[in-house]
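S.K.: Take this structure, written in structure tokens, and hold onto it; I'll ask about it next.
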Amino acid sequence: MPAVGQRLVACLLNVSEARNKDVVEKVVRAAIFNSRGGQREGTTVLNIFRDRGYNRSVITIAAGIDGIREAVLSACEQACQLIDMRSHVGDHPCMGAVDLVPIYPLGEEVGLEECGKEARALAVTLTDRVPGTSAFYFGFADLPQQRGLAQRRKEMGWFRKDPDMEAIKPDVGGKLGRRYGLTGVGASPYVMNCNVTIGTCDVGVGRRVAQGLRESGAGGLPGVQVLALPHEGAVEIACNVESVRGAPPEASWPCFTIGGERYYHAPASRITAHVAQLAGEHGVGTEGTALVGFTPQECRGLAERALARGIAEFWRGTARGAHVKWDERFLRRFACSMTLNLDRHSPMLLLTINRMKE
């Protein structure tokens with residue numbers, strides 16, 4: 001048991017497929033079972049988030065730093081076999097069949113530099129094993145600059161509707177091809193995804209809300225990177241919530257440490273409240289918030305629990321194969337009545353609340 005919590009990392013693997021459930025689950029199985037069908041020791045998949053509108057899935061893989069590479073590589077190889085970017089359609093920006101491979105340390109035992117080294121080795125091996133794939137580095141894999149994911153995506157043309165593939169120069173791999181596209185590979189402190197739906201189909205309003213919410217905007221929240229995207233007949237304020245080094249603006253904001261350094265992230269409740277305020281200025285309300293996967297603290301705790309019990313397909317037992325979505329007012333009333341902290345919620349509690357509401 002003591003070894004279970006040692007040197008854990010997580011990879012929130014982003015693949016450009018969600019509408020074909022069988023394809024996504026084959027990618028998942030490649031991560032947790034070897035080519036002979038045996039279970040990979042010390043590896044678990046905690047969650048699968050499939051968004052059909054975006055045609056994008058996020059797979060939360062947890063393992064020790066010494067085992068993460070082979071698990072993620074096998075999943076990437078399977079994704080490249082099954083997903084063809086030449087026929088991909090979806091509302092979310094993407095450039096690769098495997099669009100994003102971030103590695104995050106889960107606790108003090110593994111440093112960011114070690115995760116960055118592992119990410120670089122993973123990218124090189126992927127481009128060797130699957131000819132035609134190519135990748136760019138970000139975060140602690142991007143040496144020596146350590147440029148962030150948003151900056152690297154901008155440099156690669158990820159945000160453009162029709163990027164000039166000929167002009168893009170990957171960091172590793174051959175010439176960029178349309179079959180596999182381009183993969184971002186890197187390492188950083190944990191990044192959480194928190195998406196808030198606002199009650200309009202006007203993306204222009206969404207962009208104004210996003211501008212006021214993102215870190216670079218006046219009055220924005222630290223560590224929050226934002227896109228406003230059309231989603232299921234409304235607009236989703238899609239947030240990458242980065243962990244920021246230093247002391248939090250408020251004592252109640254969630255914190256953790258890596259290598260003796262303190263990090264914090266904006267809580268989901270604060271993001272939702274800020275979106276509600278900004279959207280309200282345009283006469284628009286919020287319809288719900290989705291937390292994709294887990295907070296950093298949850299991810300470590302669930303990984304330890306799953307690995308201690310030898311559960312490779314943890315996502316099946318928790319029914320967390322889809323994201324949890326809740327109405328903020330309902331959840332806050334429930335949380336207050338139970339003296340719960342919204343930002344240290346139990347995923348199973350949220351699932352229960354969601355079912356009660358339905």
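Lettering and numbering for the structure tokens are positional, with chains as A, B, ... in the shown order, residues counted from 1 in each chain, and ligands counted from 1 in the shown order.
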Name all residues at most 12 Å from A:Leu302 (count only C-alpha atoms; drop same-chain ones fewer than 2 positions away) and give them as a PDB file with C-alpha atoms, in the first residue's frame.
M.R.:
```pdb
ATOM      1  CA  VAL A   4       0.746   3.213  -4.363  1.00  0.00           C
ATOM      2  CA  GLY A   5       0.967   6.936  -3.682  1.00  0.00           C
ATOM      3  CA  LEU A   8       2.153   9.366  -9.511  1.00  0.00           C
ATOM      4  CA  ALA A  10      -1.673  11.924 -14.788  1.00  0.00           C
ATOM      5  CA  THR A  44      -5.733   3.155 -14.444  1.00  0.00           C
ATOM      6  CA  VAL A  45      -8.161   5.212 -16.503  1.00  0.00           C
ATOM      7  CA  LEU A  46     -10.114   7.394 -14.083  1.00  0.00           C
ATOM      8  CA  ASN A  47     -12.470   9.145 -16.460  1.00  0.00           C
ATOM      9  CA  THR A  60      -7.704  10.704 -17.717  1.00  0.00           C
ATOM     10  CA  ILE A  61      -4.870   8.169 -17.404  1.00  0.00           C
ATOM     11  CA  ALA A  62      -2.987   7.829 -14.099  1.00  0.00           C
ATOM     12  CA  ALA A  63       0.160   5.807 -13.440  1.00  0.00           C
ATOM     13  CA  LEU A 106       0.258  14.331  -8.746  1.00  0.00           C
ATOM     14  CA  GLY A 293     -12.568  15.163 -15.054  1.00  0.00           C
ATOM     15  CA  PHE A 294     -11.324  16.212 -11.623  1.00  0.00           C
ATOM     16  CA  THR A 295      -9.569  18.809  -9.538  1.00  0.00           C
ATOM     17  CA  PRO A 296      -5.857  18.086  -8.869  1.00  0.00           C
ATOM     18  CA  GLN A 297      -6.608  16.863  -5.351  1.00  0.00           C
ATOM     19  CA  GLU A 298      -9.379  14.543  -6.542  1.00  0.00           C
ATOM     20  CA  CYS A 299      -7.233  13.125  -9.317  1.00  0.00           C
ATOM     21  CA  ARG A 300      -4.489  12.058  -6.934  1.00  0.00           C
ATOM     22  CA  GLU A 304      -4.341   6.109  -5.296  1.00  0.00           C
ATOM     23  CA  ARG A 305      -7.633   4.382  -4.575  1.00  0.00           C
ATOM     24  CA  ALA A 306      -7.885   2.771  -8.003  1.00  0.00           C
ATOM     25  CA  LEU A 307      -4.282   1.550  -8.046  1.00  0.00           C
ATOM     26  CA  ALA A 308      -4.472   0.242  -4.479  1.00  0.00           C
ATOM     27  CA  ARG A 309      -7.398  -1.923  -5.579  1.00  0.00           C
ATOM     28  CA  ILE A 311      -8.795  -1.281 -10.854  1.00  0.00           C
ATOM     29  CA  ALA A 312      -7.688  -0.512 -14.416  1.00  0.00           C
ATOM     30  CA  PHE A 314     -11.953   2.843 -12.725  1.00  0.00           C
ATOM     31  CA  TRP A 315     -14.183   5.038 -14.900  1.00  0.00           C
ATOM     32  CA  GLY A 317     -17.219   1.718 -11.574  1.00  0.00           C
ATOM     33  CA  THR A 318     -17.703   5.410 -10.816  1.00  0.00           C
ATOM     34  CA  ARG A 320     -17.860   9.101 -14.501  1.00  0.00           C
ATOM     35  CA  SER A 346     -16.628  14.577  -4.121  1.00  0.00           C
ATOM     36  CA  PRO A 347     -17.169  13.459  -7.730  1.00  0.00           C
ATOM     37  CA  MET A 348     -19.596  10.811  -6.545  1.00  0.00           C
TER      38      MET A 348
END
```
S.K.: Just the residues within 6 Å of A:Gly181, please, counting only C-alpha atoms, with nothing from its chain fewer than 3 positions along; format it as a PyMOL selection string.
M.R.: chain A and resi 95-96+177-178
S.K.: Go ahead and save the picked residues with C-alpha atoms, as an mmCIF file, in the first residue's frame.
M.R.:
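What landed in part_5.cif:
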```cif
data_model
loop_
_atom_site.group_PDB
_atom_site.id
_atom_site.type_symbol
_atom_site.label_atom_id
_atom_site.label_comp_id
_atom_site.auth_asym_id
_atom_site.auth_seq_id
_atom_site.Cartn_x
_atom_site.Cartn_y
_atom_site.Cartn_z
ATOM 1 C CA MET A 95 -5.128 19.885 -35.228
ATOM 2 C CA GLY A 96 -4.344 16.261 -34.472
ATOM 3 C CA GLY A 177 0.479 15.683 -42.804
ATOM 4 C CA ARG A 178 -3.314 15.877 -42.816
#
```
S.K.: Which residue, A:Gly132, A:Pro249, A:Gly38, A:Pro102, has the smallest gap to A:Arg69 when you use only C-alpha atoms?
M.R.: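 Comparing A:Gly132, A:Pro249, A:Gly38, A:Pro102 against A:Arg69, the winner is A:Pro102.
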S.K.: My list of candidates is A:Arg270, A:Arg262, A:Arg316, A:His231. Which is closest to A:Glu108 when distances are computed with only C-alpha atoms?
M.R.: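 Of A:Arg270, A:Arg262, A:Arg316, A:His231, the one nearest A:Glu108 is A:Arg262, counting only C-alpha atoms.
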S.K.: Could you check the closest approach to A:Glu215 for each of A:Ala228, A:Ala247, A:Met192, A:Ile271 and tell me which residue wins, using only C-alpha atoms?
M.R.: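 Smallest separation from A:Glu215 among the options: A:Ile271.
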S.K.: Using DSSP on the backbone coordinates, identify the residues of stretch 104-242 of chain A assigned to alpha helix (DSSP H); present them as a ChimeraX atom specification.
M.R.: /A:112-129,149-156,203-213
S.K.: Quick one, how far is atom CA of A:Cys194 from atom CA of A:Ile237?
M.R.: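 Answer for the atom CA of A:Cys194 to atom CA of A:Ile237 separation: 8.5 Å.
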S.K.: Taking into account only C-alpha atoms, which residue in the set A:Gly184, A:Pro254, A:Gly107, A:Gly139 is nearest to A:Trp158?
M.R.: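 Using only C-alpha atoms, the shortest distance to A:Trp158 belongs to A:Gly184.
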S.K.: Would you mind listing what lies within 12 Å of A:Gly260 as a list in words, with only C-alpha atoms counted and same-chain residues fewer than 5 positions away left out?
M.R.: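 My reading of the contact set: Gly107, Glu108, Glu109, Val110, Gly111, Leu112, Arg245 and Gly246 of chain A.
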S.K.: Determine the nearest neighbour of A:Gly310 from the options A:Arg179, A:His282, A:Arg40, A:Arg29, counting only C-alpha atoms.
M.R.: A:Arg40
S.K.: Which residue gives the smallest distance to A:Tyr137 among A:Val284, A:Leu182, A:Cys94, A:Leu229, with only C-alpha atoms counted?
M.R.: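 Comparing A:Val284, A:Leu182, A:Cys94, A:Leu229 against A:Tyr137, the winner is A:Leu182.
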S.K.: Find the residues of stretch 31-51 of chain A that sit at most 8 Å from stretch 70-93 of chain A; for each, write down the nearest two atoms and how far apart they are in Å, to one decimal. Count only C-alpha atoms. Sort by chain, then by number going up, and give it as a tab-separated table.
M.R.:
```
residue	atom	partner	partner_atom	distance
A:Ala31	CA	A:Ala71	CA	4.4
A:Ile32	CA	A:Ala71	CA	6.4
A:Arg40	CA	A:Ala71	CA	7.8
A:Thr43	CA	A:Ala71	CA	7.4
```
S.K.: For atom CA of A:Val235 and atom CA of A:Gly223, quote the distance in Å rounded to one decimal.
M.R.: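 Taking atom CA of A:Val235 and atom CA of A:Gly223, their separation equals 21.4 Å.
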S.K.: Would you list, as a PyMOL selection string, the residues of stretch 7-184 of chain A that end up in strand (DSSP E) under DSSP run on this structure's backbone?
M.R.: chain A and resi 8-15+43-51+56-64+98-105+134-139+172-173+182-184
S.K.: So how many Å separate atom CA of A:Tyr264 and atom CA of A:Gln151, to one decimal?
M.R.: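 A separation of 20.9 Å between them.
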